[in-house]
$ cat model00.cif   # mmCIF, C-alpha atoms and all ligand atoms
data_data
#
loop_
_atom_site.label_atom_id
_atom_site.label_comp_id
_atom_site.auth_asym_id
_atom_site.auth_seq_id
_atom_site.Cartn_x
_atom_site.Cartn_y
_atom_site.Cartn_z
CA MET A 1 -4.23 -5.58 12.57
CA LYS A 2 -1.88 -2.82 11.50
CA PRO A 3 -1.61 -2.20 7.76
CA ILE A 4 0.85 -4.75 6.46
CA PHE A 5 2.56 -2.34 4.11
CA PRO A 6 2.01 1.13 5.60
CA SER A 7 3.47 2.73 2.49
CA GLY A 8 0.74 1.11 0.41
CA GLY A 9 -2.01 3.47 1.51
CA GLY A 10 -3.06 2.36 4.99
CA HIS A 11 -2.31 4.85 7.72
CA GLY A 12 -3.54 5.22 11.27
CA GLU A 13 -5.53 2.88 13.47
CA PHE A 14 -8.89 1.28 12.75
CA PRO A 15 -11.17 2.00 15.73
CA ASP A 16 -11.56 -1.00 18.03
CA GLU A 17 -15.29 -0.43 18.55
CA PHE A 18 -15.87 -0.46 14.77
CA ARG A 19 -13.83 -3.65 14.47
CA ALA A 20 -15.96 -5.24 17.23
CA LEU A 21 -19.15 -4.11 15.49
CA LEU A 22 -18.09 -5.80 12.23
CA ARG A 23 -17.43 -8.99 14.14
CA GLU A 24 -20.77 -8.92 15.98
CA THR A 25 -23.05 -7.82 13.15
CA LEU A 26 -21.39 -9.42 10.11
CA GLY A 27 -19.23 -12.12 11.62
CA PHE A 28 -16.28 -10.47 9.85
CA ASP A 29 -12.90 -10.86 11.47
CA VAL A 30 -10.00 -9.50 9.45
CA GLU A 31 -7.76 -12.15 11.03
CA ARG A 32 -9.98 -14.89 9.51
CA PRO A 33 -11.58 -13.32 6.43
CA PHE A 34 -12.70 -16.60 4.82
CA ASP A 35 -14.81 -17.70 7.81
CA GLY A 36 -18.37 -18.30 6.65
CA VAL A 37 -17.43 -17.96 2.97
CA GLU A 38 -18.88 -20.80 0.91
CA ARG A 39 -19.19 -19.40 -2.60
CA ILE A 40 -16.49 -17.31 -4.26
CA LEU A 41 -16.61 -15.49 -7.59
CA CYS A 42 -13.12 -14.68 -8.83
CA VAL A 43 -13.28 -12.09 -11.62
CA GLN A 44 -10.28 -11.82 -13.90
CA PRO A 45 -9.53 -9.52 -16.82
CA HIS A 46 -7.68 -12.29 -18.71
CA PRO A 47 -7.35 -16.05 -18.55
CA ASP A 48 -4.52 -16.59 -15.98
CA ASP A 49 -4.96 -13.61 -13.62
CA CYS A 50 -6.77 -15.46 -10.82
CA GLU A 51 -4.01 -18.05 -10.77
CA LEU A 52 -1.09 -15.65 -11.17
CA ALA A 53 -2.38 -13.52 -8.30
CA ILE A 54 -3.93 -15.97 -5.86
CA GLY A 55 -3.73 -19.47 -7.34
CA GLY A 56 -2.35 -20.90 -4.10
CA THR A 57 -5.11 -19.36 -2.00
CA LEU A 58 -7.81 -20.59 -4.41
CA ALA A 59 -6.35 -24.11 -4.49
CA LYS A 60 -6.36 -24.12 -0.70
CA LEU A 61 -9.93 -22.83 -0.47
CA SER A 62 -11.26 -25.26 -3.08
CA ARG A 63 -9.70 -28.18 -1.21
CA ASP A 64 -11.38 -26.85 1.90
CA GLY A 65 -14.76 -27.28 0.22
CA ARG A 66 -15.42 -23.73 -0.98
CA GLU A 67 -17.14 -23.42 -4.33
CA ILE A 68 -15.18 -21.19 -6.70
CA THR A 69 -16.32 -19.77 -10.03
CA TYR A 70 -14.10 -17.85 -12.45
CA LEU A 71 -15.52 -15.02 -14.52
CA THR A 72 -13.11 -14.03 -17.30
CA LEU A 73 -13.92 -10.66 -18.82
CA THR A 74 -11.85 -10.68 -22.03
CA ASP A 75 -10.91 -13.36 -24.54
CA GLY A 76 -7.15 -13.08 -24.02
CA SER A 77 -6.67 -12.71 -27.78
CA ALA A 78 -3.96 -10.03 -27.55
CA GLY A 79 -1.53 -12.05 -25.46
CA SER A 80 0.88 -13.25 -28.15
CA ARG A 81 3.24 -11.87 -30.75
CA GLU A 82 3.03 -15.00 -32.91
CA VAL A 83 -0.43 -16.59 -32.61
CA PRO A 84 -3.24 -14.76 -34.47
CA PRO A 85 -6.02 -13.42 -32.16
CA GLU A 86 -8.81 -15.77 -33.32
CA GLU A 87 -6.61 -18.81 -32.78
CA LEU A 88 -5.16 -17.54 -29.51
CA LYS A 89 -8.63 -17.01 -28.08
CA GLU A 90 -9.37 -20.74 -28.41
CA VAL A 91 -5.95 -21.77 -27.11
CA ARG A 92 -6.32 -19.60 -24.04
CA ARG A 93 -9.78 -20.93 -23.28
CA ARG A 94 -8.45 -24.48 -23.26
CA GLU A 95 -5.43 -23.46 -21.17
CA GLN A 96 -7.74 -21.80 -18.65
CA GLU A 97 -9.89 -24.92 -18.43
CA SER A 98 -6.84 -27.07 -17.66
CA ALA A 99 -5.46 -24.60 -15.11
CA ALA A 100 -8.84 -24.31 -13.37
CA GLU A 101 -9.00 -28.08 -13.05
CA ILE A 102 -5.62 -28.07 -11.30
CA ILE A 103 -6.78 -25.36 -8.89
CA GLY A 104 -10.10 -27.12 -8.26
CA VAL A 105 -12.38 -24.59 -9.93
CA LYS A 106 -15.29 -26.28 -11.65
CA LYS A 107 -17.28 -23.45 -13.16
CA LEU A 108 -15.91 -21.04 -15.75
CA LEU A 109 -17.89 -18.08 -17.12
CA TRP A 110 -16.77 -15.75 -19.89
CA LEU A 111 -17.84 -12.31 -21.10
CA ASP A 112 -15.52 -12.41 -24.15
CA TYR A 113 -14.71 -8.73 -24.55
CA PRO A 114 -11.73 -8.21 -26.86
CA ASP A 115 -8.44 -8.33 -24.98
CA ALA A 116 -6.90 -4.92 -24.19
CA ARG A 117 -10.23 -3.26 -24.97
CA LEU A 118 -12.38 -3.91 -21.90
CA PRO A 119 -14.49 -0.75 -21.74
CA TYR A 120 -15.26 1.06 -18.52
CA SER A 121 -19.01 1.08 -19.15
CA GLU A 122 -22.43 0.59 -17.63
CA GLU A 123 -22.93 -2.32 -20.03
CA VAL A 124 -20.03 -4.31 -18.54
CA ARG A 125 -21.14 -3.41 -15.04
CA ALA A 126 -24.68 -4.65 -15.82
CA GLU A 127 -23.25 -7.95 -17.11
CA LEU A 128 -21.16 -8.32 -13.97
CA MET A 129 -24.22 -7.68 -11.83
CA LYS A 130 -26.17 -10.30 -13.75
CA VAL A 131 -23.47 -12.89 -13.00
CA ILE A 132 -23.23 -11.87 -9.34
CA ARG A 133 -27.01 -12.11 -8.95
CA SER A 134 -27.21 -15.54 -10.51
CA GLU A 135 -24.11 -16.99 -8.80
CA ARG A 136 -24.88 -15.43 -5.41
CA PRO A 137 -21.30 -15.43 -4.05
CA ASP A 138 -20.39 -14.62 -0.46
CA LEU A 139 -17.08 -13.17 -1.64
CA VAL A 140 -16.25 -11.45 -4.93
CA LEU A 141 -12.59 -11.05 -5.93
CA ALA A 142 -11.01 -8.79 -8.57
CA PRO A 143 -7.71 -6.99 -9.31
CA ASP A 144 -7.02 -3.98 -7.10
CA PRO A 145 -7.85 -1.06 -9.42
CA TRP A 146 -5.79 1.25 -7.23
CA LEU A 147 -2.56 -0.70 -7.56
CA PRO A 148 -0.02 2.06 -8.10
CA TYR A 149 1.69 1.85 -11.48
CA GLU A 150 -0.81 -0.60 -12.99
CA VAL A 151 -0.86 0.48 -16.62
CA HIS A 152 -3.19 -2.16 -18.10
CA PRO A 153 -6.66 -0.66 -18.60
CA ASP A 154 -8.34 -4.10 -18.56
CA HIS A 155 -7.02 -4.58 -15.02
CA ARG A 156 -8.04 -1.16 -13.77
CA ASN A 157 -11.47 -1.38 -15.40
CA ALA A 158 -12.05 -4.94 -14.18
CA GLY A 159 -11.35 -3.88 -10.60
CA LEU A 160 -13.48 -0.75 -10.71
CA LEU A 161 -16.43 -2.37 -12.47
CA THR A 162 -16.41 -5.49 -10.28
CA GLY A 163 -16.32 -3.33 -7.16
CA GLU A 164 -19.25 -1.26 -8.43
CA ALA A 165 -21.24 -4.35 -9.45
CA ALA A 166 -20.65 -6.05 -6.09
CA PHE A 167 -21.66 -2.87 -4.29
CA PHE A 168 -24.84 -2.25 -6.35
CA SER A 169 -26.04 -5.86 -6.49
CA HIS A 170 -28.21 -5.54 -3.39
CA LEU A 171 -30.16 -2.60 -4.81
CA PRO A 172 -33.42 -3.67 -6.50
CA SER A 173 -33.61 -0.47 -8.55
CA VAL A 174 -30.22 -1.02 -10.22
CA GLY A 175 -29.93 -3.58 -13.01
CA ASP A 176 -31.90 -6.74 -13.72
CA GLY A 177 -32.43 -9.86 -11.66
CA GLU A 178 -33.01 -10.73 -8.06
CA PRO A 179 -30.91 -8.49 -5.76
CA TRP A 180 -28.05 -10.21 -3.95
CA ASP A 181 -26.09 -8.86 -1.02
CA VAL A 182 -22.38 -9.57 -1.59
CA ARG A 183 -21.04 -9.86 1.95
CA LEU A 184 -17.34 -9.46 1.13
CA LEU A 185 -15.31 -7.85 -1.63
CA GLY A 186 -11.62 -8.57 -2.00
CA PHE A 187 -8.87 -7.23 -4.24
CA TYR A 188 -5.86 -9.23 -5.41
CA TYR A 189 -2.71 -7.83 -7.08
CA THR A 190 -2.69 -5.35 -4.23
CA ASP A 191 0.18 -3.52 -2.58
CA ASN A 192 -1.96 -2.84 0.49
CA PRO A 193 -3.14 -6.26 1.67
CA ASN A 194 -4.96 -6.72 4.95
CA HIS A 195 -4.61 -10.48 4.64
CA VAL A 196 -1.70 -12.68 3.58
CA GLU A 197 -2.54 -16.32 3.00
CA ASP A 198 0.15 -18.89 3.73
CA VAL A 199 0.47 -20.76 0.43
CA GLY A 200 3.68 -22.68 1.10
CA ALA A 201 1.95 -26.05 0.68
CA PHE A 202 0.13 -24.88 -2.46
CA LEU A 203 2.84 -23.11 -4.40
CA GLY A 204 3.55 -26.26 -6.42
CA LEU A 205 -0.07 -26.41 -7.55
CA LYS A 206 -0.04 -22.73 -8.41
CA LEU A 207 3.06 -23.17 -10.55
CA LYS A 208 1.53 -26.22 -12.23
CA ALA A 209 -1.63 -24.23 -13.02
CA LEU A 210 0.42 -21.35 -14.43
CA LYS A 211 2.38 -23.78 -16.57
CA ALA A 212 -0.92 -24.89 -18.08
CA HIS A 213 -1.12 -21.38 -19.58
CA GLY A 214 1.55 -22.41 -22.07
CA SER A 215 0.88 -19.54 -24.49
CA GLN A 216 1.64 -17.04 -21.73
CA PHE A 217 4.36 -18.56 -19.58
CA GLY A 218 5.69 -21.43 -21.69
CA GLU A 219 8.54 -19.79 -23.52
CA ASP A 220 10.04 -17.94 -20.62
CA TRP A 221 9.04 -20.26 -17.80
CA ALA A 222 12.30 -19.98 -15.82
CA SER A 223 11.95 -16.18 -15.50
CA TRP A 224 8.26 -16.43 -14.61
CA GLU A 225 9.04 -18.94 -11.88
CA VAL A 226 11.55 -16.53 -10.36
CA PHE A 227 8.97 -13.73 -10.53
CA VAL A 228 6.13 -15.79 -9.02
CA LYS A 229 8.27 -17.11 -6.18
CA GLY A 230 9.74 -13.65 -5.57
CA VAL A 231 6.28 -12.07 -5.22
CA ALA A 232 5.20 -14.94 -2.93
CA ARG A 233 8.27 -14.37 -0.75
CA PHE A 234 7.60 -10.63 -0.73
CA TYR A 235 4.07 -11.14 0.64
CA GLY A 236 5.13 -14.01 2.87
CA LYS A 237 7.89 -12.12 4.59
CA VAL A 238 5.63 -9.54 6.25
CA ALA A 239 3.37 -12.27 7.63
CA GLY A 240 6.11 -14.68 8.68
CA PHE A 241 5.51 -17.29 5.96
CA GLU A 242 7.91 -18.58 3.35
CA TYR A 243 5.37 -17.97 0.58
CA GLY A 244 2.25 -15.82 0.77
CA GLU A 245 -0.44 -14.24 -1.37
CA GLY A 246 -1.88 -10.84 -0.47
CA LEU A 247 -5.44 -9.63 -0.56
CA ARG A 248 -7.44 -6.67 0.69
CA ILE A 249 -10.77 -8.13 1.85
CA LEU A 250 -13.51 -6.15 3.54
CA PRO A 251 -17.27 -6.19 3.98
CA THR A 252 -18.50 -4.74 0.67
CA PHE A 253 -20.33 -1.76 2.16
CA LEU A 254 -17.05 -0.46 3.64
CA PHE A 255 -15.84 0.41 0.13
CA HIS A 256 -17.94 3.59 0.09
CA VAL A 257 -17.68 6.93 1.93
CA ASN A 258 -15.15 5.33 4.20
CA PRO A 259 -11.70 6.80 4.75
CA LEU A 260 -10.83 3.67 6.78
CA ALA A 261 -11.22 1.18 3.91
CA GLY A 262 -7.47 1.25 3.33
CA VAL A 263 -6.65 0.92 7.01
CA LEU A 264 -8.36 -2.23 8.35
ZN ZN B 1 -4.37 -9.79 -16.95
#
$ encode --input "model00.cif" --output "structure tokens"
Amino acid sequence: MKPIFPSGGGHGEFPDEFRALLRETLGFDVERPFDGVERILCVQPHPDDCELAIGGTLAKLSRDGREITYLTLTDGSAGSREVPPEELKEVRRREQESAAEIIGVKKLLWLDYPDARLPYSEEVRAELMKVIRSERPDLVLAPDPWLPYEVHPDHRNAGLLTGEAAFFSHLPSVGDGEPWDVRLLGFYYTDNPNHVEDVGAFLGLKLKALKAHGSQFGEDWASWEVFVKGVARFYGKVAGFEYGEGLRILPTFLFHVNPLAGVL
């Protein structure tokens, strides 16, 4: 498959023999990236990111029997001008629980770092690895840390640290716990997707889940709806759908010493 948005970083052709090798040895086909995926860990910097980015895709996958767990890295306590942080933290936890129920996500895990202050550190990476090793997901998802113009450090750090944790989890000498080989790593909020999921039938559920985050989208819902639908049309257009959600999903080991990781 040619890069969907060539301006987003993917250039050139992925070698056919390498593509065939991935299919034969790992069962990975970029045209059907969720084949064989049973357990998904969706890591988000704040309560609401999984749903804002790929709520339609997750709703679709959960209804298809895949087991999805959210891991929220911060407490979301900075996301309001009016509500004090300690109060907001509780509100956002409840909002996330309601939204997850709408999407079909049953398990929610939290690391509770203070919002807007997620450090890029070995400590966070070790905690991520601990979760990965106990949850044993086939696919780990996180924000694309290389999204151009992403200014929020929690998002950049979440993407980098999750990628590192997923990559290191199979190594017995790194971190604690039983090693686990994460087969696939995927990035959402990406401008260089290699997969667009058709979410036309699930956009209503996504919007409903976002609405459950009342402290974030409640006041200015009409504008958010325009934004969410606009992004979904933007992704959908390149793949021939009315509404889409974009992801860059690859076998985890390809995210290292590989100039082709942005191409496939
Ligand atoms: Zn966020």
$ residues_near_ligand --input "model00.cif" --ligand "ligand ZN 1 (chain B)" --cutoff "9 Å" --atoms "all atoms listed in the file" --output "list of chain:residue names"
A:Gln44, A:Pro45, A:His46, A:Pro47, A:Asp48, A:Asp49, A:Cys50, A:Leu52, A:Gly76, A:Pro143, A:His152, A:Asp154, A:His155
$ write_last_selection --input "model00.cif" --atoms "C-alpha atoms" --output "PDB file, in the frame of the given file"
ATOM      1  CA  GLN A  44     -10.280 -11.820 -13.900  1.00  0.00           C
ATOM      2  CA  PRO A  45      -9.530  -9.520 -16.820  1.00  0.00           C
ATOM      3  CA  HIS A  46      -7.680 -12.290 -18.710  1.00  0.00           C
ATOM      4  CA  PRO A  47      -7.350 -16.050 -18.550  1.00  0.00           C
ATOM      5  CA  ASP A  48      -4.520 -16.590 -15.980  1.00  0.00           C
ATOM      6  CA  ASP A  49      -4.960 -13.610 -13.620  1.00  0.00           C
ATOM      7  CA  CYS A  50      -6.770 -15.460 -10.820  1.00  0.00           C
ATOM      8  CA  LEU A  52      -1.090 -15.650 -11.170  1.00  0.00           C
ATOM      9  CA  GLY A  76      -7.150 -13.080 -24.020  1.00  0.00           C
ATOM     10  CA  PRO A 143      -7.710  -6.990  -9.310  1.00  0.00           C
ATOM     11  CA  HIS A 152      -3.190  -2.160 -18.100  1.00  0.00           C
ATOM     12  CA  ASP A 154      -8.340  -4.100 -18.560  1.00  0.00           C
ATOM     13  CA  HIS A 155      -7.020  -4.580 -15.020  1.00  0.00           C
TER      14      HIS A 155
END
$ residues_around --input "model00.cif" --residues "A:Leu210" --least-positions-apart "4" --cutoff "10 Å" --atoms "only C-alpha atoms" --output "PyMOL selection string"
chain A and resi 48-52+55+95-96+98-100+102-103+204-206+214+216-218+221+224-225+228
$ atom_distance --input "model00.cif" --atom1 "atom CA of A:Thr72" --atom2 "atom CA of A:Lys211"
18.3 Å
$ atom_distance --input "model00.cif" --atom1 "atom CA of A:Val257" --atom2 "atom CA of A:Tyr235"
28.3 Å
$ closest_atom_pairs --input "model00.cif" --of "stretch 32-124 of chain A" --to "stretch 170-183 of chain A" --cutoff "12 Å" --atoms "all atoms listed in the file" --output "tab-separated table"
residue	atom	partner	partner_atom	distance
A:Pro33	CA	A:Arg183	CA	11.0
A:Phe34	CA	A:Arg183	CA	11.1
A:Asp35	CA	A:Arg183	CA	11.6
A:Gly36	CA	A:Arg183	CA	10.0
A:Val37	CA	A:Arg183	CA	8.9
A:Glu38	CA	A:Arg183	CA	11.2
A:Arg39	CA	A:Val182	CA	10.4
A:Ile40	CA	A:Val182	CA	10.1
A:Leu41	CA	A:Val182	CA	10.2
A:Glu122	CA	A:Gly175	CA	9.7
A:Glu123	CA	A:Gly175	CA	10.0
A:Val124	CA	A:Gly175	CA	11.4
$ residues_around --input "model00.cif" --residues "stretch 79-85 of chain A" --least-positions-apart "5" --cutoff "10 Å" --atoms "only C-alpha atoms" --output "list in words"
His46, Pro47, Glu90, Val91, Arg92, Pro114, Asp115, Ala116, Ser215 and Gln216 of chain A
$ atom_distance --input "model00.cif" --atom1 "atom CA of A:Arg133" --atom2 "atom CA of A:Glu245"
27.7 Å
$ closest_residue --input "model00.cif" --among "A:Arg19, A:Lys89, A:Arg66, A:Lys237" --to "A:Tyr113" --atoms "all atoms listed in the file"
A:Lys89
$ closest_residue --input "model00.cif" --among "A:Thr190, A:Leu118, A:Phe168, A:Leu184" --to "A:Glu150" --atoms "all atoms listed in the file"
A:Thr190
$ residues_around --input "model00.cif" --residues "A:Ala261" --least-positions-apart "2" --cutoff "10 Å" --atoms "all atoms listed in the file" --output "PyMOL selection string"
chain A and resi 9-10+14+248-259+263-264
$ residues_near_point --input "model00.cif" --point "(-16.1, -23.0, -9.9)" --cutoff "9 Å" --atoms "all atoms listed in the file" --output "ChimeraX atom specification"
/A:39-42,62,66-70,100,104-109
$ residues_around --input "model00.cif" --residues "A:Asp112" --least-positions-apart "5" --cutoff "8 Å" --atoms "only C-alpha atoms" --output "compact mmCIF listing (two decimals) with C-alpha atoms, keeping the file's coordinate frame"
# COMPACT_ATOMS: atom_id res chain seq x y z
CA THR A 72 -13.11 -14.03 -17.30
CA LEU A 73 -13.92 -10.66 -18.82
CA THR A 74 -11.85 -10.68 -22.03
CA ASP A 75 -10.91 -13.36 -24.54
$ residues_around --input "model00.cif" --residues "A:Leu128" --least-positions-apart "4" --cutoff "7 Å" --atoms "all atoms listed in the file" --output "compact mmCIF listing (two decimals) with C-alpha atoms, in the coordinates of the input"
# COMPACT_ATOMS: atom_id res chain seq x y z
CA VAL A 124 -20.03 -4.31 -18.54
CA ILE A 132 -23.23 -11.87 -9.34
CA THR A 162 -16.41 -5.49 -10.28
CA ALA A 165 -21.24 -4.35 -9.45
$ closest_residue --input "model00.cif" --among "A:Val226, A:Leu141, A:Pro148, A:Gly163" --to "A:Ile54" --atoms "all atoms listed in the file"
A:Leu141
$ closest_residue --input "model00.cif" --among "A:Leu207, A:Thr25, A:Ala239, A:Phe234" --to "A:Ala222" --atoms "all atoms listed in the file"
A:Leu207
$ axis_aligned_box --input "model00.cif" --around "stretch 242-258 of chain A" --padding-each-side "4 Å" --output "AutoDock Vina command-line options"
--center_x -6.2 --center_y -5.8 --center_z 1.4 --size_x 36.2 --size_y 33.5 --size_z 13.6
$ closest_residue --input "model00.cif" --among "A:Val43, A:Val151, A:Asp64, A:Leu58" --to "A:Leu111" --atoms "only C-alpha atoms"
A:Val43
$ closest_residue --input "model00.cif" --among "A:Met129, A:Leu247, A:Ala59, A:Leu21" --to "A:Tyr189" --atoms "all atoms listed in the file"
A:Leu247
$ build_atoms --input "model00.cif" --residues "stretch 106-124 of chain A" --atoms "N, CA and C atoms" --output "CSV table (one decimal), in the coordinates of the input"
chain,number,residue,atom,x,y,z
A,106,LYS,N,-14.5,-25.5,-10.7
A,106,LYS,CA,-15.3,-26.3,-11.6
A,106,LYS,C,-16.1,-25.5,-12.6
A,107,LYS,N,-16.4,-24.2,-12.3
A,107,LYS,CA,-17.3,-23.4,-13.2
A,107,LYS,C,-16.5,-22.3,-13.7
A,108,LEU,N,-16.6,-22.1,-15.1
A,108,LEU,CA,-15.9,-21.0,-15.8
A,108,LEU,C,-16.9,-20.2,-16.6
A,109,LEU,N,-17.0,-18.9,-16.4
A,109,LEU,CA,-17.9,-18.1,-17.1
A,109,LEU,C,-17.0,-17.1,-17.9
A,110,TRP,N,-17.5,-16.7,-19.0
A,110,TRP,CA,-16.8,-15.8,-19.9
A,110,TRP,C,-17.6,-14.6,-20.4
A,111,LEU,N,-17.1,-13.4,-20.4
A,111,LEU,CA,-17.8,-12.3,-21.1
A,111,LEU,C,-17.3,-12.0,-22.5
A,112,ASP,N,-16.1,-12.5,-22.8
A,112,ASP,CA,-15.5,-12.4,-24.2
A,112,ASP,C,-15.4,-11.0,-24.8
A,113,TYR,N,-15.1,-10.0,-24.0
A,113,TYR,CA,-14.7,-8.7,-24.6
A,113,TYR,C,-13.3,-8.9,-25.2
A,114,PRO,N,-13.1,-8.1,-26.2
A,114,PRO,CA,-11.7,-8.2,-26.9
A,114,PRO,C,-10.6,-7.8,-25.9
A,115,ASP,N,-9.6,-8.6,-25.9
A,115,ASP,CA,-8.4,-8.3,-25.0
A,115,ASP,C,-7.9,-6.9,-25.2
A,116,ALA,N,-7.5,-6.3,-24.2
A,116,ALA,CA,-6.9,-4.9,-24.2
A,116,ALA,C,-7.9,-3.8,-24.5
A,117,ARG,N,-9.2,-4.2,-24.7
A,117,ARG,CA,-10.2,-3.3,-25.0
A,117,ARG,C,-11.5,-3.4,-24.1
A,118,LEU,N,-11.2,-3.8,-22.8
A,118,LEU,CA,-12.4,-3.9,-21.9
A,118,LEU,C,-12.9,-2.5,-21.6
A,119,PRO,N,-14.1,-2.1,-22.0
A,119,PRO,CA,-14.5,-0.8,-21.7
A,119,PRO,C,-14.9,-0.5,-20.3
A,120,TYR,N,-14.7,0.7,-19.8
A,120,TYR,CA,-15.3,1.1,-18.5
A,120,TYR,C,-16.7,1.6,-18.8
A,121,SER,N,-17.7,0.7,-18.7
A,121,SER,CA,-19.0,1.1,-19.2
A,121,SER,C,-20.1,0.5,-18.3
A,122,GLU,N,-21.3,1.1,-18.4
A,122,GLU,CA,-22.4,0.6,-17.6
A,122,GLU,C,-22.8,-0.8,-18.1
A,123,GLU,N,-22.6,-1.0,-19.4
A,123,GLU,CA,-22.9,-2.3,-20.0
A,123,GLU,C,-22.1,-3.5,-19.3
A,124,VAL,N,-20.8,-3.3,-19.2
A,124,VAL,CA,-20.0,-4.3,-18.5
A,124,VAL,C,-20.5,-4.5,-17.1
